[in-house]
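Student: Structure provided below as structure tokens; questions to follow.
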Amino acid sequence: KGLDTLNISGSQQFSPNNLSLLVTSIKTTLPITIVDLRQESHGFINEYPVSWKGEKNDANLGLTRTEVIDTERKLLNSITLGTPIQFFNDPKLTVIPEKVLSENQLVKANSMDYVRIPVTDGKLPTYEMVDFFVQYVNSIPKDSWLHFHCKEGIGRTTTFMIMYDIMKNYNNATLDEIINRQLALSG
């Protein structure tokens with residue numbers, strides 16, 4: 001009970017080219033906010049989503065939210081337009097950056113809102129990020145749609161969708177029901 005009125009969705013990292021498909025698939029007229037749960041620095045070079053993930057997808061481990069955002073900004077700003085680059089995970093691919101965007105810039109250019117809640121992949125969110133999330137949820141208008149995402153759309157995304165569902169439906173469903181339905185939806 002209450003699942004049909006949550007106004008949330010979740011996915012893995014999107015690209016500039018498939019962001020419009022994502023929005024279309026949500027099928028809402030409500031204002032959408034993208035909730036970016038990735039702690040690792042990331043952005044977009046041309047049509048490619050890129051990230052600085054570290055050895056265990058734990059880049060930026062121990063940094064505050066502000067430090068994560070600042071580190072990412074510096075990394076994206078260090079990319080020189082017109083100078084060929086190669087990707088670590090695909091060294092045969094050479095790209096000449098024509099456009100470099102942060103996710104915040106991409107999302108806002110597509111008339112949506114954006115909030116960053118950095119969480120280390122494979123770890124629980126810190127108390128600070130849980131508190132930030134609760135305060136954020138309590139501050140948004142009732143008629144809002146939240147779209148959560150992390151790198152793969154499973155761990156961090158499902159964790160925050162469960163927390164949101166608990167906040168909204170603690171009196172409509174048991175904790176087990178909420179957890180089980182969100183796990184079932186996570187695919």
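Ordering of the structure tokens sets the chain letters (A, B, ...); residue numbers start at 1 within each chain; ligands are numbered from 1 in the order shown.
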Select from chain A everything DSSP, run on the backbone, classes as strand (DSSP E), then give the selection as a count of residues only.
Tutor: 44
Student: Would you give me, as a tab-separated table, each residue of segment 55-163 of chain A having an atom within 10 Å of an atom of segment 174-180 of chain A, along with its shortest atom pair and that distance in Å to one decimal, using only C-alpha atoms and sorting by chain and residue number?
Tutor:
```
residue	atom	partner	partner_atom	distance
A:Thr158	CA	A:Ile179	CA	9.0
A:Thr159	CA	A:Ile179	CA	8.9
A:Met161	CA	A:Ile179	CA	9.2
A:Ile162	CA	A:Ile179	CA	6.0
A:Met163	CA	A:Ile179	CA	9.0
```
Student: Dump N, CA and C atoms for the selected residues as a short mmCIF file (atom, residue, chain, number, x, y, z; two decimals), in the first residue's frame?
Tutor:
```cif
data_model
loop_
_atom_site.label_atom_id
_atom_site.label_comp_id
_atom_site.auth_asym_id
_atom_site.auth_seq_id
_atom_site.Cartn_x
_atom_site.Cartn_y
_atom_site.Cartn_z
N THR A 158 18.54 1.48 -4.84
CA THR A 158 17.53 0.74 -4.09
C THR A 158 17.53 1.15 -2.62
N THR A 159 18.69 1.36 -2.04
CA THR A 159 18.78 1.78 -0.64
C THR A 159 18.00 3.07 -0.41
N MET A 161 15.67 4.41 -2.39
CA MET A 161 14.25 4.22 -2.69
C MET A 161 13.55 3.57 -1.50
N ILE A 162 14.23 2.64 -0.83
CA ILE A 162 13.67 2.04 0.39
C ILE A 162 13.51 3.11 1.47
N MET A 163 14.53 3.93 1.67
CA MET A 163 14.44 4.97 2.70
C MET A 163 13.29 5.94 2.40
#
```
Student: So what do you get for atom CA of Phe14 of chain A versus atom CA of His149 of chain A, distance-wise?
Tutor: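 Those two atoms sit 8.5 Å apart.
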Student: Write out as CSV the residues of segment 16-83 of chain A that have any atom within 8 Å of an atom of segment 121-130 of chain A, one row each with the nearest atom pair and its distance in Å to one decimal, counting only C-alpha atoms, sorted by chain and then rising number.
Tutor:
```
residue,atom,partner,partner_atom,distance
A:Arg38,CA,A:Asp121,CA,7.4
A:Gln39,CA,A:Asp121,CA,7.4
A:Asn57,CA,A:Asp121,CA,6.1
A:Asp58,CA,A:Asp121,CA,6.3
```
Student: If I take atom CA of Gln105 of chain A and atom CA of Phe44 of chain A, how far is one from the other in Å, to one decimal?
Tutor: 9.8 Å
Student: Counting only C-alpha atoms, which residue out of A:Val115, A:Ile45, A:Val23, A:Ala109 sits closest to Ile140 of chain A?
Tutor: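 When distances to Ile140 of chain A are compared using only C-alpha atoms, the smallest one comes from A:Val115.
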Student: Where in segment 87-157 of chain A does DSSP assign helix (DSSP H, G or I), given as a VMD selection string?
Tutor: chain A and resid 103 to 109 127 to 139 155 to 157
Student: Write the residues you've just listed into a file as a CSV table (one decimal), in the first residue's frame, and include C-alpha atoms for each of them.
Tutor:
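again-v2.csv, written as the output of this step:
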```csv
chain,number,residue,atom,x,y,z
A,103,GLU,CA,25.5,16.0,-14.4
A,104,ASN,CA,24.1,19.0,-12.7
A,105,GLN,CA,24.6,21.1,-15.9
A,106,LEU,CA,23.1,18.3,-18.1
A,107,VAL,CA,20.0,17.9,-15.9
A,108,LYS,CA,19.3,21.6,-15.6
A,109,ALA,CA,19.7,22.1,-19.3
A,127,TYR,CA,24.9,9.5,8.9
A,128,GLU,CA,25.5,12.9,7.4
A,129,MET,CA,24.1,11.9,4.1
A,130,VAL,CA,21.1,10.2,5.6
A,131,ASP,CA,20.4,13.4,7.6
A,132,PHE,CA,20.9,15.5,4.4
A,133,PHE,CA,18.5,13.2,2.5
A,134,VAL,CA,15.8,13.3,5.2
A,135,GLN,CA,16.0,17.1,5.4
A,136,TYR,CA,15.9,17.3,1.6
A,137,VAL,CA,12.8,15.1,1.3
A,138,ASN,CA,11.0,17.1,4.0
A,139,SER,CA,11.8,20.3,2.1
A,155,GLY,CA,22.7,-0.9,-4.5
A,156,ARG,CA,22.7,2.8,-3.7
A,157,THR,CA,19.6,3.5,-5.8
```
Student: Restricting the calculation to only C-alpha atoms: of A:Ser41, A:Gln182, A:Asn169, A:Ser111, which residue gets closest to Thr5 of chain A?
Tutor: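 Of all the options, A:Asn169 lies closest to Thr5 of chain A.
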Student: Of the residues A:Thr66, A:Asp113, A:Tyr48, A:Arg73, which is the one nearest to Gln86 of chain A, using only C-alpha atoms?
Tutor: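 Result for the nearest residue to Gln86 of chain A: A:Tyr48.
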